[in-house]
Amino acid sequence: MKINFPIFFLLLLLLSQSCKINNPEFQKESAQAVFMHDAMKQLTDIIVHDIFSPPVASRVYSYPSIAAYEALLHAYPTYNSFAGQLNGLKTLPQPDQDVEYCFPLASVYAFTKTGKTLIFSEDKMEAFENEVFQKFKDINIPQAVYDRSIAYGQEVSDHILAWADKDKYKETRTYPKYTITEDPSKWKPTPPDYMDGIEPHWKEIRPYVLQSANQFNPGPPAPYDIKNKNSKFYKDLMEVYEVVKNKTEEEVEIASFWDCNPYVSHHSGHVMFATKKITPGGHWIGITAIAAKKAEADMMKTIESYALVSLGLMDAFISCWDEKYRSGLIRPETVINTYVDEDWLPVLQTPPFPEHTSGHSVVSGCSSTILTSLYGPNFAYTDDVEVEYGLPERKFTSFNQAAEEAAISRLYGGIHYRPAIDLGLDQGNKIGDYILQKVKTRQ
């Protein structure tokens, strides 16, 4: 029998392509949590590169996470939409019930498209998109399903971005800078760069769940009183001074581990350079990834975790910044250098905004409360988030233990008085509890 080899190989090729197109396992192979973890890590790397401030970074994390959650939940019928639960979020576009989608693909697409709009380095996200969507193509999703899913992810992203446009972020870009006064109790720019106060109008941003920026007002700091050595303020000030002066190796390690300052400047003679790192919110997003991976969370629980933690970060920063610029309290470094010891230096570089309350304390309290609700009160883990920034990993027996260490690190670092730490942690816990009370992700 004579075989026509060109036709034979053409038939084999067509058969091979047919098998790939009709991959019966494409839904299962697409629903891998690693796709969401990789997308979030890419977003974190871009946030670090673009040097977003901690409050703005929380916004950059949250909208893409919510978009990804909304695009994916149609594959998981026991999950609820955020529509009607988050301030101003109306019912999202719904998929056609008569055709098939690959919702994991739609979810990742919604995440990257939303994220790309909120960052500066769009090319870095586009490079990631080329890589991750090639992986989806390699799964051999039927072309019609692939195209339909991409289109749906775009619809969800467009809806979320239209909602984001109404949160007053763009308007606050044109508001006036923080005004320095002669009041000795009020915040003044600190060395080495004496930067302007960051985001003095952040309280104007629409929160996700809180009804107002001052809903969880932590209370004011101790009244400023540097003359009376028996005053609460003076005692708080001297605690910072003495802790740093007598610092231990362990305290320095803790302060450094939780520093999370996205822009630390270094000066040597006439040379100045900066070190870029993750924000406090970025650290807790990293902890969220660690928890989800250890618990072997599926793709839906993974994005649920990212979404809840990130929207909690946003509300926590809004609440914290409301108090910061209301009390406007001066930083320890300024007071100590003026009245106690002009050569004293904090362990950490003082960030450019008022002191009360501690931002890391607030977001740590909120994040730990949310993660505890998702993964349990005794979730032991190893935190290696800072390893890529040259710091060793640390072990924790619970999220609450980590939050308490993150909070006290601000005292060890010499950048906060104790009331800002204790009241801030309590403030964050209350915000986290409120979010869990008001937002129900599951039926």
# chains A, B, ... in the order shown; residues from 1 in each chain; ligands from 1

$ closest_atom_pairs --of "stretch 105-169 of chain A" --to "stretch 289-301 of chain A" --cutoff "12 Å" --atoms "only C-alpha atoms" --output "Markdown table"
| residue | atom | partner | partner_atom | distance |
| --- | --- | --- | --- | --- |
| A:Leu105 | CA | A:Met299 | CA | 11.3 |
| A:Ser107 | CA | A:Met300 | CA | 9.9 |
| A:Val108 | CA | A:Met299 | CA | 10.5 |

$ residues_around --residues "A:Ile119" --least-positions-apart "4" --cutoff "8 Å" --atoms "only C-alpha atoms" --output "PyMOL selection string"
chain A and resi 46-47+50+60+115

$ write_last_selection --atoms "C-alpha atoms" --output "PDB file, in the first residue's frame"
ATOM      1  CA  ILE A  46       6.041  47.123  40.421  1.00  0.00           C
ATOM      2  CA  ILE A  47       4.772  48.999  43.489  1.00  0.00           C
ATOM      3  CA  ASP A  50       7.431  52.821  41.259  1.00  0.00           C
ATOM      4  CA  VAL A  60      -3.112  49.880  44.002  1.00  0.00           C
ATOM      5  CA  GLY A 115      -3.541  46.978  38.032  1.00  0.00           C
TER       6      GLY A 115
END

$ residues_around --residues "stretch 242-247 of chain A" --least-positions-apart "4" --cutoff "10 Å" --atoms "only C-alpha atoms" --output "list of chain:residue names"
A:Leu237, A:Met238, A:Glu251, A:Val252, A:Trp344, A:Leu345, A:Pro346, A:Val347, A:Leu411, A:Tyr412, A:Gly413, A:Gly414, A:Ile415

$ write_last_selection --atoms "C-alpha atoms" --output "PDB file, in the first residue's frame"
ATOM      1  CA  LEU A 237       9.282  60.767  74.726  1.00  0.00           C
ATOM      2  CA  MET A 238      11.968  59.589  77.102  1.00  0.00           C
ATOM      3  CA  GLU A 251      15.205  44.955  68.935  1.00  0.00           C
ATOM      4  CA  VAL A 252      17.218  46.247  65.982  1.00  0.00           C
ATOM      5  CA  TRP A 344      20.419  61.167  68.914  1.00  0.00           C
ATOM      6  CA  LEU A 345      19.319  59.205  65.848  1.00  0.00           C
ATOM      7  CA  PRO A 346      16.442  56.737  65.478  1.00  0.00           C
ATOM      8  CA  VAL A 347      17.178  53.198  64.320  1.00  0.00           C
ATOM      9  CA  LEU A 411       9.163  51.939  69.324  1.00  0.00           C
ATOM     10  CA  TYR A 412      12.345  49.925  68.768  1.00  0.00           C
ATOM     11  CA  GLY A 413      12.894  51.904  65.583  1.00  0.00           C
ATOM     12  CA  GLY A 414      12.577  55.217  67.428  1.00  0.00           C
ATOM     13  CA  ILE A 415       9.855  56.625  65.188  1.00  0.00           C
TER      14      ILE A 415
END

$ closest_residue --among "A:Ser305, A:Ser368, A:Ser58, A:Gln211" --to "A:Met36" --atoms "only C-alpha atoms"
A:Ser305

$ select_by_dssp --residues "stretch 42-276 of chain A" --states "helix (DSSP H, G or I)" --output "PyMOL selection string"
chain A and resi 42-50+54-75+103-118+122-138+143-164+169-172+202-204+232-245+249-257

$ select_by_dssp --residues "stretch 179-275 of chain A" --states "strand (DSSP E or B)" --output "PyMOL selection string"
chain A and resi 186+263-268+271-275

$ write_last_selection --atoms "C-alpha atoms" --output "CSV table (one decimal), in the first residue's frame"
chain,number,residue,atom,x,y,z
A,186,LYS,CA,2.9,69.9,65.3
A,263,TYR,CA,12.0,55.0,50.1
A,264,VAL,CA,15.0,55.2,52.4
A,265,SER,CA,17.5,57.7,51.4
A,266,HIS,CA,21.2,57.4,52.1
A,267,HIS,CA,23.7,60.3,52.1
A,268,SER,CA,27.4,60.1,51.9
A,271,VAL,CA,26.4,61.3,47.0
A,272,MET,CA,22.7,60.4,47.7
A,273,PHE,CA,21.0,57.1,46.8
A,274,ALA,CA,17.8,55.4,47.8
A,275,THR,CA,16.8,51.9,48.9

$ residues_around --residues "A:Thr334" --least-positions-apart "3" --cutoff "8 Å" --atoms "only C-alpha atoms" --output "list in words"
Lys188, Thr190, Ile330, Arg331, Asn337 and Thr338 of chain A

$ residues_around --residues "A:Gly282" --least-positions-apart "4" --cutoff "9 Å" --atoms "only C-alpha atoms" --output "list in words"
Thr44, Ile47, Val48, Pro54, Ala57, Ser58, Tyr61, Cys260, Ile278, Gly286 and Ile287 of chain A

$ closest_residue --among "A:Leu161, A:Ala316, A:Ala151, A:Ile336" --to "A:Val240" --atoms "only C-alpha atoms"
A:Ile336
